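Peer 1: Contents of run_3.cif (mmCIF, C-alpha atoms):
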```
data_coords
#
loop_
_atom_site.label_atom_id
_atom_site.label_comp_id
_atom_site.auth_asym_id
_atom_site.auth_seq_id
_atom_site.Cartn_x
_atom_site.Cartn_y
_atom_site.Cartn_z
CA MET A 279 -181.67 44.99 58.92
CA LYS A 280 -185.30 45.41 57.92
CA GLU A 281 -187.90 44.36 60.46
CA PRO A 282 -190.75 42.02 59.57
CA PHE A 283 -193.81 44.07 58.61
CA GLU A 284 -195.71 42.52 61.52
CA ALA A 285 -193.45 44.48 63.90
CA ILE A 286 -194.33 47.71 62.07
CA VAL A 287 -198.05 47.00 62.50
CA SER A 288 -197.54 46.19 66.19
CA ARG A 289 -195.59 49.33 66.92
CA HIS A 290 -197.49 51.88 64.83
CA GLY A 291 -200.95 50.36 64.28
CA ALA A 292 -202.69 52.06 67.19
CA THR A 293 -201.15 55.49 66.53
CA VAL A 294 -202.13 55.35 62.87
CA LEU A 295 -205.70 54.41 63.88
CA ARG A 296 -205.84 57.40 66.24
CA VAL A 297 -204.63 59.60 63.39
CA CYS A 298 -207.21 58.15 60.98
CA ARG A 299 -210.04 58.62 63.49
CA ALA A 300 -209.05 62.21 64.12
CA VAL A 301 -208.68 63.05 60.43
CA VAL A 302 -211.59 61.23 58.74
CA GLY A 303 -213.81 60.38 61.73
CA VAL A 304 -214.58 57.05 63.41
CA VAL A 305 -216.86 55.78 60.61
CA ASP A 306 -214.26 55.95 57.83
CA ALA A 307 -211.20 55.36 60.02
CA ASP A 308 -211.17 51.56 59.62
CA ASP A 309 -211.10 51.87 55.83
CA ALA A 310 -208.40 54.54 56.00
CA TRP A 311 -206.29 52.36 58.32
CA SER A 312 -206.68 49.26 56.17
CA GLU A 313 -205.87 51.08 52.93
CA THR A 314 -202.86 52.72 54.60
CA PHE A 315 -201.32 49.49 55.84
CA LEU A 316 -202.06 47.57 52.64
CA SER A 317 -200.28 50.29 50.61
CA ALA A 318 -197.45 50.36 53.14
CA LEU A 319 -197.05 46.57 52.95
CA GLU A 320 -196.81 46.78 49.16
CA ALA A 321 -194.15 49.52 49.27
CA TYR A 322 -192.28 48.26 52.36
CA PRO A 323 -189.49 46.32 50.58
CA ARG A 324 -188.48 49.57 48.82
CA LEU A 325 -188.48 51.74 51.98
CA PRO A 326 -184.92 52.89 52.81
CA GLU A 327 -183.68 51.28 56.03
CA ASP A 328 -182.99 54.62 57.71
CA ALA A 329 -186.45 56.04 56.92
CA ASN A 330 -188.67 57.42 59.70
CA VAL A 331 -191.36 54.73 59.61
CA GLU A 332 -193.96 56.72 61.52
CA ALA A 333 -193.65 59.76 59.23
CA TRP A 334 -193.83 57.42 56.21
CA LEU A 335 -197.02 55.78 57.52
CA VAL A 336 -198.64 59.14 58.33
CA THR A 337 -197.78 60.36 54.81
CA ILE A 338 -199.61 57.37 53.34
CA ALA A 339 -202.51 57.79 55.79
CA HIS A 340 -202.77 61.46 54.79
CA ARG A 341 -203.20 60.55 51.11
CA LYS A 342 -205.77 57.87 51.97
CA ALA A 343 -207.64 60.32 54.20
CA ILE A 344 -207.90 62.82 51.35
CA ASP A 345 -209.15 60.08 48.97
CA ILE A 346 -211.73 58.96 51.52
CA THR A 347 -212.88 62.48 52.32
CA ARG A 348 -213.45 63.06 48.60
CA ARG A 349 -215.42 59.81 48.32
CA SER A 350 -217.46 60.65 51.43
CA ALA A 351 -218.26 64.08 50.05
CA ARG A 352 -220.17 62.28 47.31
CA ARG A 353 -222.08 60.10 49.77
CA PRO A 354 -222.64 62.18 52.90
CA VAL A 355 -222.69 60.16 56.13
CA PRO A 356 -223.38 61.79 59.49
CA ILE A 357 -220.18 61.32 61.48
CA ALA A 358 -221.78 61.67 64.88
CA GLU A 359 -224.45 58.96 64.64
CA PRO A 360 -222.50 55.69 65.08
CA ALA A 361 -220.05 57.39 67.42
CA ALA A 362 -222.97 58.49 69.58
CA GLN A 363 -224.22 54.89 69.70
CA ARG A 364 -220.85 53.78 71.07
CA ALA A 365 -220.88 56.42 73.75
CA GLN A 366 -221.28 54.90 77.18
CA THR A 367 -219.13 56.94 79.49
CA LEU A 368 -218.46 60.59 80.12
CA ASP A 369 -215.00 60.04 78.65
CA HIS A 370 -216.61 58.92 75.43
CA HIS A 371 -218.78 62.02 75.34
CA ARG A 372 -215.66 64.11 75.62
CA ASP A 373 -214.08 62.09 72.77
CA ILE A 374 -217.11 62.77 70.62
CA ASP A 375 -217.01 66.49 71.40
CA LEU A 376 -213.35 66.45 70.43
CA ALA A 377 -214.07 64.48 67.25
CA ARG A 378 -216.79 66.96 66.30
CA SER A 379 -214.56 69.92 66.97
CA LEU A 380 -211.70 68.35 65.00
CA ALA A 381 -214.03 67.67 62.08
CA ALA A 382 -215.10 71.33 62.14
CA LEU A 383 -211.53 72.66 61.83
CA PRO A 384 -210.19 73.86 58.46
CA ASP A 385 -208.30 70.95 56.81
CA LYS A 386 -204.84 72.42 57.26
CA GLN A 387 -205.36 73.08 60.98
CA ARG A 388 -206.85 69.62 61.54
CA PHE A 389 -203.95 67.91 59.74
CA ALA A 390 -201.34 69.96 61.62
CA VAL A 391 -202.96 69.35 65.02
CA VAL A 392 -203.36 65.60 64.45
CA TYR A 393 -199.93 64.96 62.93
CA HIS A 394 -198.18 66.89 65.69
CA HIS A 395 -200.25 66.17 68.79
CA ILE A 396 -201.45 62.63 68.01
CA ALA A 397 -198.73 61.24 65.69
CA GLY A 398 -196.00 63.24 67.45
CA LEU A 399 -194.29 64.33 64.22
CA PRO A 400 -192.03 67.41 64.13
CA TYR A 401 -193.31 70.37 62.10
CA ALA A 402 -190.63 69.91 59.43
CA ASP A 403 -192.05 66.43 58.66
CA ILE A 404 -195.61 67.78 58.76
CA ALA A 405 -194.69 70.52 56.26
CA GLU A 406 -193.52 67.82 53.84
CA ILE A 407 -196.81 65.98 54.21
CA ILE A 408 -199.27 68.88 53.95
CA GLY A 409 -197.14 71.36 51.97
CA GLY A 410 -195.86 74.81 52.98
CA THR A 411 -193.15 75.56 55.52
CA ALA A 412 -192.49 74.18 58.99
CA ASP A 413 -193.40 77.58 60.45
CA ALA A 414 -196.72 77.56 58.61
CA ALA A 415 -197.42 74.06 59.96
CA ARG A 416 -196.59 75.26 63.49
CA ARG A 417 -198.97 78.23 63.11
CA ALA A 418 -201.73 76.00 61.71
CA ALA A 419 -201.39 73.66 64.69
CA ALA A 420 -201.44 76.56 67.16
CA ASP A 421 -204.51 78.08 65.50
CA GLY A 422 -206.14 74.65 65.47
CA ILE A 423 -205.54 74.10 69.18
CA ALA A 424 -206.89 77.60 69.94
CA ASN A 425 -210.03 76.84 67.90
CA LEU A 426 -210.46 73.48 69.64
CA ARG A 427 -210.26 75.17 73.06
CA LYS A 428 -212.95 77.66 72.05
CA GLY A 429 -215.11 74.83 70.71
CA LEU A 430 -214.72 72.61 73.75
CA VAL A 431 -215.28 75.38 76.30
CA ARG A 432 -218.40 76.60 74.56
CA MET B 66 -200.86 65.00 73.42
CA ILE B 67 -204.60 64.98 72.91
CA ARG B 68 -206.75 61.90 73.29
CA SER B 69 -209.16 60.88 70.61
CA ALA B 70 -211.28 57.72 70.46
CA GLU B 71 -208.66 55.40 72.00
CA PRO B 72 -208.35 52.14 69.98
CA THR B 73 -209.19 49.01 71.99
CA GLN B 74 -207.32 45.71 71.72
CA SER B 75 -210.25 43.99 70.04
CA GLU B 76 -210.57 46.79 67.48
CA MET B 77 -206.86 46.46 66.66
CA ALA B 78 -207.15 42.66 66.41
CA GLU B 79 -210.06 43.01 63.97
CA LEU B 80 -208.16 45.47 61.80
CA ARG B 81 -205.07 43.26 61.77
CA ALA B 82 -207.10 40.22 60.74
CA ARG B 83 -208.64 42.28 57.94
CA LEU B 84 -205.18 43.44 56.81
CA THR B 85 -203.90 39.85 56.72
CA ALA B 86 -206.89 38.72 54.63
CA GLU B 87 -206.61 41.65 52.22
CA ALA B 88 -202.84 41.18 51.92
CA ASP B 89 -203.35 37.52 51.10
CA ASP B 90 -205.99 38.36 48.45
CA ALA B 91 -203.69 40.99 46.93
CA GLY B 92 -200.76 38.56 46.74
CA LEU B 93 -198.75 40.65 49.23
CA LEU B 94 -198.44 38.10 52.01
CA ASP B 95 -194.95 36.84 51.14
CA VAL B 96 -194.38 35.13 54.50
CA ALA B 97 -197.16 34.00 56.86
CA TYR B 98 -196.30 32.75 60.33
CA ARG B 99 -197.75 31.40 63.55
CA THR B 100 -196.52 29.63 66.66
CA LEU B 101 -197.50 26.17 67.86
CA ASP B 102 -197.21 24.67 71.35
CA THR B 103 -195.70 21.18 71.22
CA PRO B 104 -194.09 18.69 73.62
CA VAL B 105 -190.68 20.03 72.47
CA GLY B 106 -191.59 23.65 73.18
CA GLU B 107 -193.09 26.43 71.15
CA LEU B 108 -192.37 26.14 67.43
CA LEU B 109 -192.44 29.00 64.94
CA LEU B 110 -193.94 27.98 61.60
CA ALA B 111 -193.54 30.15 58.51
CA ALA B 112 -194.83 29.65 54.96
CA THR B 113 -194.47 31.37 51.59
CA PRO B 114 -197.10 30.93 48.87
CA ALA B 115 -194.88 28.04 47.64
CA GLY B 116 -195.05 26.14 50.92
CA LEU B 117 -193.64 25.71 54.41
CA VAL B 118 -190.33 27.59 54.49
CA ARG B 119 -189.26 27.49 58.15
CA VAL B 120 -189.81 25.56 61.35
CA ALA B 121 -187.87 27.05 64.26
CA TYR B 122 -187.32 25.99 67.84
CA ASP B 123 -187.82 28.41 70.70
CA ILE B 124 -184.07 28.53 71.46
CA GLU B 125 -183.41 30.05 68.03
CA GLY B 126 -185.34 33.17 69.14
CA ARG B 127 -188.54 34.13 67.40
CA ASP B 128 -187.48 37.71 66.58
CA ALA B 129 -184.12 36.58 65.22
CA VAL B 130 -185.78 33.98 62.98
CA LEU B 131 -188.31 36.51 61.63
CA ILE B 132 -185.60 39.10 60.97
CA ALA B 133 -183.58 36.48 59.09
CA LEU B 134 -186.69 35.60 57.03
CA ALA B 135 -187.20 39.31 56.29
CA ALA B 136 -183.64 39.51 54.94
CA LYS B 137 -183.55 36.20 53.04
CA VAL B 138 -187.12 35.85 51.76
CA SER B 139 -189.13 39.10 52.08
CA PRO B 140 -189.94 41.67 54.78
CA ARG B 141 -193.63 41.34 53.85
CA ILE B 142 -194.22 39.13 56.87
CA LEU B 143 -197.47 38.95 58.83
CA SER B 144 -198.84 36.75 61.56
CA ALA B 145 -201.40 34.68 59.63
CA PRO B 146 -202.34 31.48 61.45
CA GLY B 147 -204.88 30.44 58.82
CA ARG B 148 -202.29 29.74 56.18
CA LEU B 149 -200.55 27.31 58.54
CA ASP B 150 -203.59 25.41 59.83
CA ASP B 151 -202.72 22.30 57.85
CA THR B 152 -199.09 22.33 59.00
CA ALA B 153 -200.15 22.77 62.64
CA ARG B 154 -202.65 19.92 62.36
CA GLN B 155 -200.08 17.53 60.88
CA LEU B 156 -197.52 18.41 63.55
CA ASP B 157 -200.14 17.84 66.28
CA GLU B 158 -200.82 14.41 64.77
CA TYR B 159 -197.09 13.66 64.62
CA PHE B 160 -196.61 14.48 68.31
CA ALA B 161 -199.65 12.37 69.16
CA GLY B 162 -197.97 9.42 67.39
CA ARG B 163 -200.69 9.36 64.72
CA ARG B 164 -198.63 10.59 61.75
CA GLN B 165 -195.45 9.12 60.30
CA GLN B 166 -195.06 11.27 57.19
CA PHE B 167 -195.78 14.89 56.43
CA ASP B 168 -197.84 15.71 53.40
CA LEU B 169 -197.12 19.42 52.91
CA PRO B 170 -195.80 21.63 50.12
CA LEU B 171 -192.27 22.66 51.12
CA ASP B 172 -190.31 25.75 50.08
CA LEU B 173 -186.60 24.83 50.24
CA SER B 174 -185.41 28.22 49.02
CA LEU B 175 -183.46 28.84 52.27
CA SER B 176 -181.19 25.94 51.41
CA ALA B 177 -179.02 25.55 48.33
CA GLY B 178 -176.45 23.27 46.72
CA PHE B 179 -175.23 20.21 48.61
CA ARG B 180 -177.26 21.10 51.72
CA ARG B 181 -180.41 21.03 49.68
CA ILE B 182 -179.48 17.67 48.16
CA VAL B 183 -179.06 16.29 51.68
CA LEU B 184 -182.40 17.74 52.85
CA THR B 185 -184.14 16.19 49.86
CA TYR B 186 -182.60 12.82 50.75
CA LEU B 187 -183.47 12.82 54.49
CA PRO B 188 -187.18 11.91 54.14
CA THR B 189 -186.06 8.54 52.72
CA ILE B 190 -184.97 7.60 56.27
CA GLU B 191 -188.15 6.02 57.51
CA TYR B 192 -190.08 6.95 60.61
CA GLY B 193 -188.74 5.11 63.65
CA HIS B 194 -185.38 4.40 61.95
CA THR B 195 -182.03 6.18 62.06
CA ALA B 196 -179.09 6.53 59.67
CA SER B 197 -175.50 7.59 60.31
CA TYR B 198 -174.00 10.78 58.88
CA GLN B 199 -171.73 8.46 56.90
CA ALA B 200 -174.65 6.50 55.48
CA VAL B 201 -176.37 9.71 54.41
CA ALA B 202 -173.15 10.91 52.72
CA ALA B 203 -173.02 7.61 50.84
CA GLY B 204 -176.74 7.92 50.06
CA VAL B 205 -176.20 11.22 48.25
CA HIS B 206 -173.24 9.71 46.35
CA ASN B 207 -170.64 11.77 48.19
CA PRO B 208 -169.23 9.35 50.79
CA LYS B 209 -166.43 11.71 51.86
CA ALA B 210 -168.81 14.58 52.67
CA VAL B 211 -169.65 13.37 56.20
CA ARG B 212 -168.97 16.77 57.79
CA ALA B 213 -170.98 18.56 55.11
CA VAL B 214 -173.91 16.26 55.87
CA GLY B 215 -173.56 17.34 59.51
CA THR B 216 -173.67 21.00 58.45
CA ALA B 217 -176.70 20.37 56.25
CA CYS B 218 -178.52 18.82 59.22
CA ALA B 219 -177.44 21.63 61.57
CA THR B 220 -178.79 24.26 59.17
CA ASN B 221 -182.00 22.41 58.24
CA PRO B 222 -184.64 25.18 57.93
CA LEU B 223 -187.45 22.63 58.39
CA PRO B 224 -186.58 20.43 61.40
CA ILE B 225 -189.05 17.68 62.36
CA VAL B 226 -190.79 17.96 58.96
CA ILE B 227 -187.48 17.11 57.26
CA PRO B 228 -186.24 14.46 59.70
CA CYS B 229 -182.64 15.44 60.38
CA HIS B 230 -183.19 14.12 63.92
CA ARG B 231 -182.97 10.62 62.42
CA VAL B 232 -179.32 11.16 61.49
CA ILE B 233 -176.95 10.02 64.27
CA ARG B 234 -173.28 9.18 64.66
CA THR B 235 -171.78 5.91 63.45
CA ASP B 236 -170.97 4.88 67.05
CA GLY B 237 -174.63 5.25 67.95
CA ALA B 238 -174.23 8.54 69.82
CA LEU B 239 -176.95 11.04 68.99
CA GLY B 240 -174.73 13.86 67.75
CA ALA B 241 -175.70 17.49 67.72
CA TYR B 242 -179.19 18.83 67.06
CA LEU B 243 -180.36 22.37 66.38
CA GLY B 244 -183.21 21.91 68.87
CA GLY B 245 -180.80 20.60 71.51
CA PRO B 246 -179.80 16.95 72.24
CA ASP B 247 -182.77 16.40 74.59
CA THR B 248 -185.18 17.29 71.82
CA LYS B 249 -183.48 14.87 69.43
CA ARG B 250 -183.76 12.09 72.02
CA ARG B 251 -187.40 12.94 72.58
CA LEU B 252 -188.31 12.81 68.89
CA LEU B 253 -186.53 9.46 68.43
CA ASP B 254 -188.23 8.02 71.55
CA LEU B 255 -191.60 9.24 70.27
CA GLU B 256 -191.04 7.50 66.94
CA ALA B 257 -189.75 4.32 68.59
CA ALA B 258 -192.81 4.12 70.85
CA ALA B 259 -195.47 4.72 68.19
#
```
Would you give me this structure, written as structure tokens?
Peer 2:
Amino acid sequence: MKEPFEAIVSRHGATVLRVCRAVVGVVDADDAWSETFLSALEAYPRLPEDANVEAWLVTIAHRKAIDITRRSARRPVPIAEPAAQRAQTLDHHRDIDLARSLAALPDKQRFAVVYHHIAGLPYADIAEIIGGTADAARRAAADGIANLRKGLVR
Amino acid sequence: MIRSAEPTQSEMAELRARLTAEADDAGLLDVAYRTLDTPVGELLLAATPAGLVRVAYDIEGRDAVLIALAAKVSPRILSAPGRLDDTARQLDEYFAGRRQQFDLPLDLSLSAGFRRIVLTYLPTIEYGHTASYQAVAAGVHNPKAVRAVGTACATNPLPIVIPCHRVIRTDGALGAYLGGPDTKRRLLDLEAAA
């Protein structure tokens, strides 16, 4: 039995937005989210019923994130500005520090950290999304976390 | 788990509204739905691009109805109240006693064969009137198919809009109704009073 797509959006929408924010930044995250779910809606009737929906959505989001990063590279936008305007609490400042540190990570480390620690995917799934082996994905995530710690403590 | 710019409810609502609009523009919104509060409980309304495809009573279970729509019509289903504004308005008018006929495009694809013939016939029973199952069977030129008329009414995907509540037993008893016998009584009383 295939669920109505509305149930997929309800269950995974917030997680995918967290992933998009962490991968492309708050400014581009809304576009990444919208493009991800529109593509997913189009493909949904063909998705096998036993598929891991979250891994499928993150795979689509990953491709959209790469597209958007390429587009943004041609029209540079400072990531921190609008995020700084939203900042009202200490918690938000910490979010912004984290967002900055994430943005500064090498792509592979950022993807591995976000897909494991925010999306909750196992490293085998992450390896399929970003290429390489599960062990390499695990190492990239560990290196990424170590780099984030250094960045946040500094 | 690490936290990162936690999405708020209003941010999610905005994104979902944008998705619905973009899906509609792209021709990907195969089934739009919303709920409507009425004197006979909360109704689920669902429409395809062809027209209204389903009206469901609360007791049928919203999730069960949507899952059945996903299987029979398309899983590309989103909550999209805008596409059902006109339907909701006409139902509000009906329950206020200000509307006797519905003027809506209907999608009868959930019903086939004899059942569909019966559903197409039912709107000829006028507002405020009733007909027996036997009379409806005769009306569709199949006078022996009284039970099949009952089945067609019981499986009507568009209750209220297609007035199966106006079909009662020959002895005057109300007979069964997919929204429950009380609901059938209520609709007939509403029409008798208006």
Peer 1: Give me, as an mmCIF file with C-alpha atoms, keeping the file's coordinate frame, all polymer residues having an atom no more than 10 Å from A:Gly429, counting only C-alpha atoms and skipping those fewer than 6 positions away in the same chain.
Peer 2:
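around.cif, written as the output of this step:
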```cif
data_model
loop_
_atom_site.group_PDB
_atom_site.id
_atom_site.type_symbol
_atom_site.label_atom_id
_atom_site.label_comp_id
_atom_site.auth_asym_id
_atom_site.auth_seq_id
_atom_site.Cartn_x
_atom_site.Cartn_y
_atom_site.Cartn_z
ATOM 1 C CA ASP A 375 -217.010 66.490 71.400
ATOM 2 C CA LEU A 376 -213.350 66.450 70.430
ATOM 3 C CA ARG A 378 -216.790 66.960 66.300
ATOM 4 C CA SER A 379 -214.560 69.920 66.970
ATOM 5 C CA LEU A 380 -211.700 68.350 65.000
ATOM 6 C CA ALA A 382 -215.100 71.330 62.140
ATOM 7 C CA LEU A 383 -211.530 72.660 61.830
ATOM 8 C CA ILE A 423 -205.540 74.100 69.180
#
```
Peer 1: Might you spell out which residues the PyMOL selection byres ((chain A) within 7 of (chain B)) would select in the displayed file, as a list in words?
Peer 2: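 Applied to this file, the PyMOL selection byres ((chain A) within 7 of (chain B)) returns Lys280, Glu281, Pro282, Phe283, Glu284, Ala292, Arg296, Ala300, Ser312, Leu316, Leu319, Glu320, Pro323, Asp373, Leu376, Ala377, His395 and Ile396 of chain A.
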Peer 1: Let me make sure I understand: among B:Glu107, B:Asp150, B:Asp90, B:Asp172, which one has the smallest atom-to-atom distance to B:Arg119 if we use all atoms listed in the file?
Peer 2: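 Looking only at the distances to B:Arg119, the closest residue turns out to be B:Asp172.
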Peer 1: For this file, the PyMOL selection byres ((chain B and resi 120) around 10) selects which residues, as a PyMOL selection string?
Peer 2: chain B and resi 98+100+108-112+117-119+121-123+130+221-227
Peer 1: Starting from the displayed file, determine the output of the PyMOL selection byres ((chain A and resi 298) around 10) and express the residue list as a VMD selection string.
Peer 2: chain A and resid 292 to 297 299 to 311 314 336 339 to 340 342 to 343 392
